[in-house]
$ cat model_1.tsv   # TSV, C-alpha atoms and all ligand atoms
chain	number	residue	atom	x	y	z
Y	1	MET	CA	-71.50	46.60	80.99
Y	2	LYS	CA	-70.92	44.21	78.07
Y	3	ALA	CA	-69.09	45.63	75.05
Y	4	THR	CA	-71.97	44.70	72.74
Y	5	THR	CA	-74.46	46.63	74.89
Y	6	LEU	CA	-72.13	49.63	75.21
Y	7	ALA	CA	-71.55	49.70	71.45
Y	8	ARG	CA	-75.24	49.40	70.66
Y	9	ILE	CA	-76.18	52.23	73.00
Y	10	ASP	CA	-73.36	54.33	71.60
Y	11	HIS	CA	-74.47	53.60	68.04
Y	12	PHE	CA	-77.81	55.28	68.71
Y	13	LEU	CA	-76.52	58.07	70.96
Y	14	ARG	CA	-73.46	59.03	68.87
Y	15	PRO	CA	-75.31	61.11	66.24
Y	16	LEU	CA	-77.12	62.92	69.06
Y	17	ALA	CA	-73.97	63.53	71.14
Y	18	THR	CA	-72.01	64.79	68.14
Y	19	SER	CA	-74.76	67.23	67.17
Y	20	LEU	CA	-75.63	68.52	70.65
Y	21	LEU	CA	-72.34	68.73	72.56
Y	22	PRO	CA	-69.54	71.24	71.91
Y	23	SER	CA	-66.63	69.81	69.84
Y	24	SER	CA	-64.27	69.76	72.80
Y	25	ALA	CA	-66.74	67.78	74.93
Y	26	VAL	CA	-67.39	65.23	72.14
Y	27	SER	CA	-63.69	64.63	71.72
Y	28	LYS	CA	-63.18	64.19	75.49
Y	29	LEU	CA	-66.13	61.82	75.77
Y	30	TYR	CA	-64.88	59.54	72.99
Y	31	SER	CA	-61.22	59.74	73.92
Y	32	ARG	CA	-61.98	58.73	77.52
Y	33	GLY	CA	-64.48	56.03	76.59
Y	34	ARG	CA	-62.03	54.07	74.44
Y	35	ASP	CA	-60.03	52.38	77.21
Y	36	SER	CA	-63.00	51.18	79.23
Y	37	PHE	CA	-64.73	49.96	76.07
Y	38	LEU	CA	-61.64	47.98	75.06
Y	39	ALA	CA	-61.35	46.43	78.54
Y	40	SER	CA	-64.92	45.19	78.29
Y	41	PHE	CA	-64.51	44.09	74.63
Y	42	SER	CA	-61.40	42.04	75.42
Y	43	THR	CA	-63.12	39.85	78.01
Y	44	ASP	CA	-66.27	39.14	76.00
Y	45	VAL	CA	-65.39	36.07	73.91
Y	46	PRO	CA	-68.33	34.96	71.74
Y	47	PRO	CA	-69.07	31.42	70.49
Y	48	ARG	CA	-66.84	30.71	67.50
Y	49	PHE	CA	-68.02	31.54	63.99
Y	50	ILE	CA	-66.02	29.76	61.28
Y	51	PRO	CA	-66.37	31.53	57.93
Y	52	PRO	CA	-67.28	29.39	54.90
Y	53	ALA	CA	-64.39	27.65	53.12
Y	54	SER	CA	-64.81	30.08	50.18
Y	55	ALA	CA	-63.60	32.92	52.42
Y	56	GLU	CA	-60.29	31.20	53.22
Y	57	VAL	CA	-57.07	32.63	51.78
Y	58	SER	CA	-53.52	31.38	51.76
Y	59	LEU	CA	-50.67	33.89	52.09
Y	60	TRP	CA	-46.98	33.02	52.43
Y	61	GLY	CA	-47.90	29.45	53.34
Y	62	LEU	CA	-50.25	30.60	56.12
Y	63	THR	CA	-53.94	29.72	56.10
Y	64	LEU	CA	-56.30	32.58	56.96
Y	65	GLN	CA	-59.94	31.68	57.65
Y	66	ASN	CA	-61.13	34.97	56.11
Y	67	SER	CA	-59.87	37.65	53.72
Y	68	ILE	CA	-60.42	40.43	56.28
Y	69	GLY	CA	-59.18	41.21	59.77
Y	70	ASN	CA	-58.53	44.15	62.07
Y	71	ALA	CA	-56.16	46.99	61.17
Y	72	ALA	CA	-53.28	48.08	63.41
Y	73	GLY	CA	-54.06	50.34	66.35
Y	74	MET	CA	-57.19	48.53	67.49
Y	75	PHE	CA	-55.35	46.21	69.88
Y	76	LYS	CA	-52.20	48.15	70.58
Y	77	ASN	CA	-51.19	46.00	73.53
Y	78	GLY	CA	-52.11	42.61	72.13
Y	79	GLU	CA	-55.63	42.52	73.55
Y	80	ALA	CA	-58.63	40.50	72.33
Y	81	TYR	CA	-57.01	37.88	70.04
Y	82	ASP	CA	-59.50	35.23	71.18
Y	83	VAL	CA	-62.43	37.64	70.69
Y	84	VAL	CA	-61.79	38.54	67.05
Y	85	ALA	CA	-60.60	35.01	66.19
Y	86	ALA	CA	-63.93	33.66	67.50
Y	87	GLN	CA	-65.84	36.34	65.57
Y	88	GLY	CA	-64.32	35.06	62.30
Y	89	ALA	CA	-61.40	37.41	61.54
Y	90	GLY	CA	-58.80	36.06	59.13
Y	91	MET	CA	-55.80	37.59	60.86
Y	92	TYR	CA	-55.12	39.34	64.15
Y	93	MET	CA	-53.00	42.48	64.23
Y	94	ALA	CA	-51.41	43.74	67.48
Y	95	GLY	CA	-49.61	47.09	67.83
Y	96	THR	CA	-48.27	49.42	66.63
Y	97	THR	CA	-45.60	48.89	69.27
Y	98	THR	CA	-42.40	50.85	69.85
Y	99	GLY	CA	-39.18	50.05	71.79
Y	100	ALA	CA	-39.95	52.31	74.73
Y	101	PRO	CA	-43.46	52.33	76.21
Y	102	ARG	CA	-45.40	55.44	75.16
Y	103	SER	CA	-48.30	57.18	76.87
Y	104	GLY	CA	-49.44	58.82	73.62
Y	105	ASN	CA	-50.38	62.40	72.81
Y	106	SER	CA	-51.93	64.95	75.18
Y	107	LYS	CA	-52.72	68.60	74.67
Y	108	GLY	CA	-54.19	70.72	77.46
Y	109	SER	CA	-56.86	68.64	79.13
Y	110	HIS	CA	-57.20	66.36	76.06
Y	111	ARG	CA	-55.54	62.96	76.29
Y	112	LEU	CA	-55.35	60.61	73.29
Y	113	PRO	CA	-57.66	62.82	71.19
Y	114	PHE	CA	-60.27	61.07	69.05
Y	115	MET	CA	-63.31	62.44	67.22
Y	116	PRO	CA	-66.09	60.42	65.59
Y	117	TYR	CA	-68.06	61.66	62.55
Y	118	PRO	CA	-70.89	59.09	62.63
Y	119	SER	CA	-72.97	60.51	59.77
Y	120	SER	CA	-69.88	60.50	57.55
Y	121	ALA	CA	-68.76	56.98	58.62
Y	122	ALA	CA	-65.39	58.55	59.48
Y	123	ALA	CA	-63.22	59.60	62.44
Y	124	SER	CA	-60.10	61.59	63.32
Y	125	ASN	CA	-57.47	60.56	65.83
Y	126	TRP	CA	-54.27	61.99	67.23
Y	127	LEU	CA	-53.34	59.19	69.61
Y	128	GLY	CA	-49.57	59.17	69.02
Y	129	LEU	CA	-48.94	55.43	69.38
Y	130	PRO	CA	-49.68	54.71	73.06
Y	131	ASN	CA	-48.36	51.19	73.81
Y	132	LYS	CA	-46.45	49.14	76.36
Y	133	GLY	CA	-43.46	48.45	74.13
Y	134	HIS	CA	-42.23	45.60	71.92
Y	135	ILE	CA	-40.94	43.36	74.72
Y	136	ALA	CA	-44.13	43.43	76.84
Y	137	ILE	CA	-46.33	42.74	73.82
Y	138	ALA	CA	-44.05	39.98	72.55
Y	139	GLN	CA	-44.42	38.31	75.96
Y	140	LYS	CA	-48.18	38.62	75.74
Y	141	ILE	CA	-48.24	37.15	72.23
Y	142	SER	CA	-46.04	34.23	73.27
Y	143	SER	CA	-48.69	33.20	75.80
Y	144	LEU	CA	-51.66	33.27	73.40
Y	145	ASP	CA	-53.56	30.08	72.66
Y	146	ARG	CA	-53.45	30.20	68.87
Y	147	ILE	CA	-56.55	29.41	66.85
Y	148	ALA	CA	-56.17	27.64	63.49
Y	149	GLY	CA	-56.82	29.97	60.56
Y	150	VAL	CA	-56.08	33.16	62.52
Y	151	PRO	CA	-52.38	34.03	62.27
Y	152	VAL	CA	-50.94	36.65	64.62
Y	153	ALA	CA	-49.41	39.76	63.07
Y	154	VAL	CA	-47.76	42.65	64.84
Y	155	SER	CA	-47.25	46.21	63.68
Y	156	VAL	CA	-43.94	47.72	64.80
Y	157	MET	CA	-42.24	51.04	64.42
Y	158	ARG	CA	-38.92	52.67	65.14
Y	159	ASP	CA	-39.46	54.98	68.14
Y	160	PRO	CA	-40.39	58.41	66.81
Y	161	GLY	CA	-38.37	61.25	68.29
Y	162	MET	CA	-35.62	58.94	69.57
Y	163	GLU	CA	-31.98	59.21	68.47
Y	164	TYR	CA	-31.66	57.08	65.31
Y	165	THR	CA	-29.05	54.49	66.41
Y	166	GLU	CA	-30.79	53.89	69.72
Y	167	ALA	CA	-34.19	53.60	68.00
Y	168	MET	CA	-32.83	51.07	65.48
Y	169	LYS	CA	-31.28	49.04	68.31
Y	170	LEU	CA	-34.63	48.91	70.13
Y	171	LEU	CA	-36.36	47.91	66.91
Y	172	ALA	CA	-33.84	45.06	66.43
Y	173	ASP	CA	-34.47	43.92	70.04
Y	174	GLY	CA	-38.20	44.06	69.32
Y	175	LEU	CA	-37.91	42.01	66.14
Y	176	ARG	CA	-35.88	39.38	67.98
Y	177	ALA	CA	-38.51	39.21	70.74
Y	178	TYR	CA	-41.35	38.89	68.22
Y	179	GLY	CA	-39.43	36.15	66.42
Y	180	GLU	CA	-39.11	34.25	69.70
Y	181	ALA	CA	-42.82	34.84	70.36
Y	182	ARG	CA	-43.53	33.13	67.00
Y	183	VAL	CA	-45.53	35.96	65.42
Y	184	ASP	CA	-46.66	34.95	61.93
Y	185	ILE	CA	-46.42	38.31	60.15
Y	186	ILE	CA	-44.59	41.57	60.90
Y	187	GLU	CA	-45.91	44.90	59.64
Y	188	ILE	CA	-43.61	47.91	59.58
Y	189	ASN	CA	-45.53	51.11	60.23
Y	190	GLU	CA	-43.90	53.68	57.98
Y	191	SER	CA	-46.89	55.96	57.85
Y	192	CYS	CA	-48.16	57.15	61.23
Y	193	PRO	CA	-49.25	60.76	60.70
Y	194	ASN	CA	-49.42	61.29	64.46
Y	195	ALA	CA	-45.74	60.62	65.10
Y	196	GLY	CA	-43.96	62.56	62.40
Y	197	HIS	CA	-44.46	60.13	59.51
Y	198	GLY	CA	-46.50	60.84	56.41
Y	199	ALA	CA	-46.50	60.55	52.69
Y	200	SER	CA	-43.58	62.85	52.02
Y	201	ASP	CA	-40.55	61.09	53.53
Y	202	TRP	CA	-40.23	58.24	51.03
Y	203	ASN	CA	-36.59	59.01	50.24
Y	204	ASP	CA	-35.68	58.69	53.91
Y	205	THR	CA	-37.93	55.67	54.11
Y	206	VAL	CA	-35.98	53.85	51.39
Y	207	GLY	CA	-32.79	54.27	53.41
Y	208	ARG	CA	-34.47	52.95	56.53
Y	209	LEU	CA	-35.99	50.03	54.64
Y	210	ARG	CA	-32.58	49.01	53.35
Y	211	GLU	CA	-31.32	48.94	56.93
Y	212	LEU	CA	-34.39	47.05	58.00
Y	213	ALA	CA	-33.90	44.45	55.30
Y	214	GLU	CA	-30.39	43.90	56.68
Y	215	MET	CA	-31.58	43.95	60.28
Y	216	ARG	CA	-34.17	41.33	59.42
Y	217	SER	CA	-31.56	38.75	58.55
Y	218	HIS	CA	-29.49	39.18	61.70
Y	219	THR	CA	-32.44	39.26	64.13
Y	220	GLY	CA	-33.65	35.80	63.15
Y	221	VAL	CA	-36.89	36.95	61.53
Y	222	SER	CA	-36.03	36.54	57.86
Y	223	SER	CA	-38.50	33.67	57.51
Y	224	ILE	CA	-41.39	35.73	58.94
Y	225	PRO	CA	-43.31	37.59	56.20
Y	226	MET	CA	-42.69	41.33	56.53
Y	227	VAL	CA	-44.97	43.97	55.02
Y	228	VAL	CA	-44.70	47.76	54.99
Y	229	LYS	CA	-47.69	49.99	55.71
Y	230	ILE	CA	-47.71	53.27	53.86
Y	231	SER	CA	-49.77	56.45	53.81
Y	232	PRO	CA	-52.85	56.72	51.59
Y	233	ASP	CA	-51.65	60.24	50.77
Y	234	THR	CA	-49.08	58.75	48.41
Y	235	THR	CA	-49.24	59.22	44.64
Y	236	ASP	CA	-49.85	56.29	42.28
Y	237	GLU	CA	-46.36	56.78	40.82
Y	238	ALA	CA	-44.71	56.73	44.24
Y	239	VAL	CA	-46.59	53.55	45.14
Y	240	SER	CA	-45.31	51.84	42.01
Y	241	GLU	CA	-41.74	52.85	42.89
Y	242	MET	CA	-42.22	51.64	46.44
Y	243	VAL	CA	-43.48	48.26	45.33
Y	244	ALA	CA	-40.48	47.80	43.03
Y	245	GLU	CA	-38.11	48.80	45.84
Y	246	LEU	CA	-39.82	46.58	48.41
Y	247	ILE	CA	-39.70	43.55	46.14
Y	248	GLN	CA	-36.07	44.20	45.39
Y	249	LEU	CA	-35.30	44.39	49.10
Y	250	GLY	CA	-37.09	41.09	49.75
Y	251	PHE	CA	-40.13	42.47	51.60
Y	252	ASP	CA	-43.26	40.37	51.31
Y	253	GLY	CA	-46.05	42.88	50.93
Y	254	ILE	CA	-47.38	46.40	51.16
Y	255	ASN	CA	-50.37	47.65	53.14
Y	256	ILE	CA	-52.27	50.66	51.78
Y	257	GLY	CA	-52.76	52.38	54.01
Y	258	ASN	CA	-52.83	54.37	57.17
Y	259	THR	CA	-54.96	57.42	58.05
Y	260	SER	CA	-54.89	60.55	55.86
Y	261	THR	CA	-53.92	64.14	56.60
Y	262	GLN	CA	-55.21	65.64	53.34
Y	263	TYR	CA	-57.85	67.63	55.19
Y	264	GLU	CA	-58.86	69.90	52.31
Y	265	ASN	CA	-59.60	66.92	50.10
Y	266	ILE	CA	-61.29	64.97	52.88
Y	267	LYS	CA	-63.61	67.81	53.87
Y	268	GLN	CA	-65.93	67.02	50.91
Y	269	PHE	CA	-66.61	63.57	52.43
Y	270	ILE	CA	-67.58	65.00	55.82
Y	271	ARG	CA	-71.31	65.77	56.10
Y	272	PRO	CA	-72.05	69.51	56.56
Y	273	ARG	CA	-73.43	68.92	60.07
Y	274	GLU	CA	-70.09	67.37	61.13
Y	275	ARG	CA	-67.77	69.89	59.48
Y	276	ALA	CA	-67.52	72.05	62.63
Y	277	LEU	CA	-66.26	69.02	64.59
Y	278	PHE	CA	-63.83	68.20	61.78
Y	279	SER	CA	-62.46	71.78	61.61
Y	280	TRP	CA	-62.15	71.99	65.38
Y	281	PHE	CA	-60.24	68.71	65.58
Y	282	THR	CA	-57.90	69.33	62.65
Y	283	GLN	CA	-57.16	72.88	63.80
Y	284	ASN	CA	-56.42	71.82	67.38
Y	285	PHE	CA	-54.65	68.51	66.84
Y	286	GLY	CA	-54.27	67.74	63.16
Y	287	GLY	CA	-54.39	63.95	63.40
Y	288	GLY	CA	-55.25	61.30	60.82
Y	289	VAL	CA	-58.65	60.72	59.23
Y	290	SER	CA	-60.05	57.19	58.86
Y	291	GLY	CA	-63.15	55.59	57.36
Y	292	GLU	CA	-65.31	56.24	54.31
Y	293	PRO	CA	-63.25	59.20	52.95
Y	294	LEU	CA	-60.42	56.70	52.31
Y	295	ARG	CA	-62.46	54.00	50.57
Y	296	LEU	CA	-61.96	54.89	46.91
Y	297	ARG	CA	-58.39	56.07	47.34
Y	298	SER	CA	-57.33	52.87	49.13
Y	299	LEU	CA	-58.78	50.88	46.23
Y	300	GLU	CA	-57.06	53.01	43.56
Y	301	LEU	CA	-53.70	52.85	45.30
Y	302	ALA	CA	-53.98	49.14	46.07
Y	303	SER	CA	-54.81	48.55	42.38
Y	304	ALA	CA	-51.71	50.55	41.36
Y	305	ALA	CA	-49.64	48.47	43.79
Y	306	VAL	CA	-51.00	45.20	42.37
Y	307	ARG	CA	-50.15	46.33	38.81
Y	308	ALA	CA	-46.64	47.33	39.89
Y	309	ALA	CA	-46.10	43.99	41.65
Y	310	GLN	CA	-47.29	42.10	38.55
Y	311	GLN	CA	-44.82	44.03	36.39
Y	312	GLN	CA	-41.95	42.80	38.54
Y	313	GLN	CA	-42.87	39.21	37.60
Y	314	GLY	CA	-40.49	37.76	40.20
Y	315	GLN	CA	-40.62	34.40	41.92
Y	316	HIS	CA	-40.97	36.21	45.23
Y	317	GLU	CA	-44.43	35.98	46.84
Y	318	PHE	CA	-45.57	39.57	47.35
Y	319	HIS	CA	-49.05	40.59	48.55
Y	320	VAL	CA	-51.02	43.83	48.54
Y	321	ILE	CA	-53.16	44.46	51.60
Y	322	ARG	CA	-55.89	47.11	51.46
Y	323	THR	CA	-56.91	49.18	54.48
Y	324	GLY	CA	-59.05	52.32	54.43
Y	325	GLY	CA	-62.81	52.78	54.35
Y	326	ILE	CA	-63.67	49.09	54.12
Y	327	SER	CA	-67.11	48.37	55.55
Y	328	SER	CA	-69.09	46.05	53.28
Y	329	ALA	CA	-69.20	42.91	51.13
Y	330	GLU	CA	-69.01	45.21	48.06
Y	331	ASP	CA	-65.66	46.50	49.32
Y	332	ILE	CA	-64.31	42.96	49.69
Y	333	ILE	CA	-65.45	42.10	46.15
Y	334	ALA	CA	-63.88	45.29	44.77
Y	335	SER	CA	-60.60	44.35	46.49
Y	336	GLN	CA	-60.76	40.83	45.05
Y	337	HIS	CA	-61.28	42.20	41.53
Y	338	ALA	CA	-58.32	44.53	41.99
Y	339	GLY	CA	-56.05	41.63	42.97
Y	340	VAL	CA	-55.80	42.60	46.65
Y	341	SER	CA	-54.88	39.61	48.83
Y	342	PHE	CA	-56.21	40.71	52.20
Y	343	ASN	CA	-58.32	43.52	53.74
Y	344	GLN	CA	-58.14	45.28	57.08
Y	345	TRP	CA	-60.70	47.49	58.74
Y	346	TYR	CA	-60.94	49.72	61.78
Y	347	THR	CA	-63.59	52.44	61.52
Y	348	GLY	CA	-66.03	50.25	59.56
Y	349	TYR	CA	-65.46	47.39	62.00
Y	350	PHE	CA	-66.61	49.41	65.01
Y	351	GLU	CA	-69.53	50.85	63.06
Y	352	ALA	CA	-70.62	47.27	62.28
Y	353	PHE	CA	-69.95	46.12	65.86
Y	354	GLY	CA	-72.35	48.81	67.10
Y	355	LEU	CA	-75.03	47.38	64.83
Y	356	VAL	CA	-74.57	43.61	65.00
Y	357	GLY	CA	-72.12	43.03	67.88
Y	358	HIS	CA	-70.03	39.87	67.59
Y	359	ASP	CA	-71.75	38.92	64.33
Y	360	VAL	CA	-69.59	41.40	62.37
Y	361	TYR	CA	-67.81	38.77	60.29
Y	362	LYS	CA	-70.84	36.48	60.14
Y	363	GLN	CA	-72.94	39.28	58.58
Y	364	LEU	CA	-70.19	40.10	56.12
Y	365	SER	CA	-69.91	36.42	55.09
Y	366	ARG	CA	-73.67	36.21	54.67
Y	367	ALA	CA	-73.72	39.35	52.49
Y	368	LEU	CA	-70.86	37.96	50.38
Y	369	GLN	CA	-72.68	34.67	49.85
Y	370	GLU	CA	-75.82	36.51	48.79
Y	371	MET	CA	-74.00	38.55	46.13
N	401	LIG	C1	-57.93	55.28	66.81
N	401	LIG	C2	-57.02	54.78	65.73
N	401	LIG	C3	-55.74	54.34	66.06
N	401	LIG	C4	-54.88	53.86	65.07
N	401	LIG	N1	-53.63	53.39	65.40
N	401	LIG	C5	-52.83	52.87	64.45
N	401	LIG	C6	-51.57	52.31	64.77
N	401	LIG	O1	-51.18	52.22	65.94
N	401	LIG	N2	-50.80	51.83	63.76
N	401	LIG	C7	-51.20	51.85	62.45
N	401	LIG	O2	-50.46	51.40	61.57
N	401	LIG	N3	-52.40	52.35	62.12
N	401	LIG	C8	-53.21	52.86	63.08
N	401	LIG	N4	-54.44	53.36	62.74
N	401	LIG	C9	-54.84	53.35	61.32
N	401	LIG	C10	-55.66	52.11	60.98
N	401	LIG	O3	-54.90	50.94	61.16
N	401	LIG	C11	-56.14	52.19	59.52
N	401	LIG	O4	-55.01	52.16	58.68
N	401	LIG	C12	-56.95	53.44	59.22
N	401	LIG	O5	-57.83	53.73	60.28
N	401	LIG	C13	-57.75	53.29	57.93
N	401	LIG	O6	-58.64	52.21	58.03
N	401	LIG	P1	-60.23	52.43	58.32
N	401	LIG	O7	-60.71	53.42	57.31
N	401	LIG	O8	-60.84	51.08	58.18
N	401	LIG	O9	-60.35	52.96	59.71
N	401	LIG	C14	-55.31	53.84	63.71
N	401	LIG	C15	-56.60	54.28	63.40
N	401	LIG	C16	-57.46	54.72	64.37
N	401	LIG	C17	-58.85	55.19	63.99

$ encode --input "model_1.tsv" --output "structure tokens"
Amino acid sequence: MKATTLARIDHFLRPLATSLLPSSAVSKLYSRGRDSFLASFSTDVPPRFIPPASAEVSLWGLTLQNSIGNAAGMFKNGEAYDVVAAQGAGMYMAGTTTGAPRSGNSKGSHRLPFMPYPSSAAASNWLGLPNKGHIAIAQKISSLDRIAGVPVAVSVMRDPGMEYTEAMKLLADGLRAYGEARVDIIEINESCPNAGHGASDWNDTVGRLRELAEMRSHTGVSSIPMVVKISPDTTDEAVSEMVAELIQLGFDGINIGNTSTQYENIKQFIRPRERALFSWFTQNFGGGVSGEPLRLRSLELASAAVRAAQQQQGQHEFHVIRTGGISSAEDIIASQHAGVSFNQWYTGYFEAFGLVGHDVYKQLSRALQEM
């Protein structure tokens, strides 16, 4: 079945399934459905929509046909570049990839646990970075037919749970391979809540970033813009410190942010009828929450990051990317006003895809022009 048809059917059935089925069954249904949906999505290339010239942005000398594109984790193995490029995305993000291939998290009979909260425009996941590894994805990227205005980014991470020296070596090999594959942007995932990262390890993170900054120069990728993706569960003060540190180390941007694990705070954004699903998932797996509950926080933190970057007043081109709860033209405008250079979406993207199929970016452009 075509991805657009599957998504449309799911859009109408999802509220019913999540209210009628037991939590465990909902999670299994949506965890299992993801792979087959992605397989269908990746082969369904629509006619190309080119966003209006007013949507174009220029970052680090690259031209992006739009100020929004997919967030990491959607196309972990480099799938569907031609699909989202044709839809009108301004950037394509593959990954997160690791040095060694990973099958992701399982617990009992649950594999790659995911839970949608359709009435709350949110979701939880505890996938644990399933991917085929840096080298395989670099090969895939090197064979892509690039489309003007849609640069290719990749999200990478040091292998969680692996001995440090070995993990850094694999990351260096990965960076080299991505350099050879001519990726346009590299994103360092320093914030996956499902693999032992979170908001609290910033001190360790600084040490790793210093090593990374060094590694960057001897792996031949120093001319490729490198941004660091952080947790939305970071304080405003910590974000300002991070921005200063990143600029000093020569990084080119910050992405705010990943999924959140502040369940107590997030609960207020989950509709009462979906709270049982939310409690069941967080109690059984933990995981990271995405979607609407992150919208205001991602804007506040991105605004703090922009202010911090402006205070540095360096010559170095540094951009703030906002990810978290973005779903509408109003969100894009709010980002623009805050000084955010680029937006990424995941949960809102699939919500929109269920409604309008491949016209996701076309509808967004239309709404922006009407504002
Ligand atoms: C199922 C799923 C898998 C994800 N995998 C990754 C990942 O591999 N790497 C990453 O940096 N972020 C990952 N994320 C986080 C998203 O990139 C994004 O930061 C987060 O979902 C917030 O954006 P949203 O509110 O638009 O969904 C994942 C999110 C979801 C829902």

$ atom_distance --input "model_1.tsv" --atom1 "CA of Ser142 in chain Y" --atom2 "CA of Thr219 in chain Y"
17.1 Å

$ closest_residue --input "model_1.tsv" --among "Y:Ser19, Y:Asp252, Y:Ser124, Y:Gly357" --to "Ser223 in chain Y" --atoms "only C-alpha atoms"
Y:Asp252

$ residues_near_point --input "model_1.tsv" --point "(-64.0, 67.2, 55.8)" --cutoff "12 Å" --atoms "all atoms listed in the file" --output "ChimeraX atom specification"
/Y:117,119-124,260-283,288-294

$ write_last_selection --input "model_1.tsv" --atoms "C-alpha atoms" --output "PDB file, in the coordinates of the input"
ATOM      1  CA  TYR Y 117     -68.060  61.660  62.550  1.00  0.00           C
ATOM      2  CA  SER Y 119     -72.970  60.510  59.770  1.00  0.00           C
ATOM      3  CA  SER Y 120     -69.880  60.500  57.550  1.00  0.00           C
ATOM      4  CA  ALA Y 121     -68.760  56.980  58.620  1.00  0.00           C
ATOM      5  CA  ALA Y 122     -65.390  58.550  59.480  1.00  0.00           C
ATOM      6  CA  ALA Y 123     -63.220  59.600  62.440  1.00  0.00           C
ATOM      7  CA  SER Y 124     -60.100  61.590  63.320  1.00  0.00           C
ATOM      8  CA  SER Y 260     -54.890  60.550  55.860  1.00  0.00           C
ATOM      9  CA  THR Y 261     -53.920  64.140  56.600  1.00  0.00           C
ATOM     10  CA  GLN Y 262     -55.210  65.640  53.340  1.00  0.00           C
ATOM     11  CA  TYR Y 263     -57.850  67.630  55.190  1.00  0.00           C
ATOM     12  CA  GLU Y 264     -58.860  69.900  52.310  1.00  0.00           C
ATOM     13  CA  ASN Y 265     -59.600  66.920  50.100  1.00  0.00           C
ATOM     14  CA  ILE Y 266     -61.290  64.970  52.880  1.00  0.00           C
ATOM     15  CA  LYS Y 267     -63.610  67.810  53.870  1.00  0.00           C
ATOM     16  CA  GLN Y 268     -65.930  67.020  50.910  1.00  0.00           C
ATOM     17  CA  PHE Y 269     -66.610  63.570  52.430  1.00  0.00           C
ATOM     18  CA  ILE Y 270     -67.580  65.000  55.820  1.00  0.00           C
ATOM     19  CA  ARG Y 271     -71.310  65.770  56.100  1.00  0.00           C
ATOM     20  CA  PRO Y 272     -72.050  69.510  56.560  1.00  0.00           C
ATOM     21  CA  ARG Y 273     -73.430  68.920  60.070  1.00  0.00           C
ATOM     22  CA  GLU Y 274     -70.090  67.370  61.130  1.00  0.00           C
ATOM     23  CA  ARG Y 275     -67.770  69.890  59.480  1.00  0.00           C
ATOM     24  CA  ALA Y 276     -67.520  72.050  62.630  1.00  0.00           C
ATOM     25  CA  LEU Y 277     -66.260  69.020  64.590  1.00  0.00           C
ATOM     26  CA  PHE Y 278     -63.830  68.200  61.780  1.00  0.00           C
ATOM     27  CA  SER Y 279     -62.460  71.780  61.610  1.00  0.00           C
ATOM     28  CA  TRP Y 280     -62.150  71.990  65.380  1.00  0.00           C
ATOM     29  CA  PHE Y 281     -60.240  68.710  65.580  1.00  0.00           C
ATOM     30  CA  THR Y 282     -57.900  69.330  62.650  1.00  0.00           C
ATOM     31  CA  GLN Y 283     -57.160  72.880  63.800  1.00  0.00           C
ATOM     32  CA  GLY Y 288     -55.250  61.300  60.820  1.00  0.00           C
ATOM     33  CA  VAL Y 289     -58.650  60.720  59.230  1.00  0.00           C
ATOM     34  CA  SER Y 290     -60.050  57.190  58.860  1.00  0.00           C
ATOM     35  CA  GLY Y 291     -63.150  55.590  57.360  1.00  0.00           C
ATOM     36  CA  GLU Y 292     -65.310  56.240  54.310  1.00  0.00           C
ATOM     37  CA  PRO Y 293     -63.250  59.200  52.950  1.00  0.00           C
ATOM     38  CA  LEU Y 294     -60.420  56.700  52.310  1.00  0.00           C
TER      39      LEU Y 294
END

$ atom_distance --input "model_1.tsv" --atom1 "CA of Arg14 in chain Y" --atom2 "CA of Lys28 in chain Y"
13.3 Å

$ closest_residue --input "model_1.tsv" --among "Y:Met1, Y:Ile50, Y:Ile326, Y:Ala238" --to "Gly88 in chain Y" --atoms "only C-alpha atoms"
Y:Ile50

$ atom_distance --input "model_1.tsv" --atom1 "CA of Leu112 in chain Y" --atom2 "CA of Asn125 in chain Y"
7.8 Å

$ residues_around --input "model_1.tsv" --residues "Leu64 in chain Y" --least-positions-apart "2" --cutoff "8 Å" --atoms "all atoms listed in the file" --output "number ranges by chain"
Y: 56-59, 62, 66-67, 90-91, 149-151

$ axis_aligned_box --input "model_1.tsv" --around "range 360-366 of chain Y" --padding-each-side "3 Å" --output "AutoDock Vina command-line options"
--center_x -70.7 --center_y 38.8 --center_z 58.5 --size_x 11.9 --size_y 11.2 --size_z 13.7

$ residues_around --input "model_1.tsv" --residues "range 225-228 of chain Y" --least-positions-apart "4" --cutoff "6 Å" --atoms "all atoms listed in the file" --output "ChimeraX atom specification"
/Y:185-188,251-255

$ closest_residue --input "model_1.tsv" --among "Y:Arg34, Y:Arg146, Y:Arg111, Y:Arg48" --to "Asp359 in chain Y" --atoms "all atoms listed in the file"
Y:Arg48

$ residues_around --input "model_1.tsv" --residues "His358 in chain Y" --least-positions-apart "4" --cutoff "10 Å" --atoms "only C-alpha atoms" --output "PyMOL selection string"
chain Y and resi 3-4+41+44-49+83-84+86-88+352-354+362-363

$ residues_near_point --input "model_1.tsv" --point "(-43.9, 44.9, 40.0)" --cutoff "12 Å" --atoms "all atoms listed in the file" --output "VMD selection string"
chain Y and resid 239 to 248 253 to 254 303 to 320
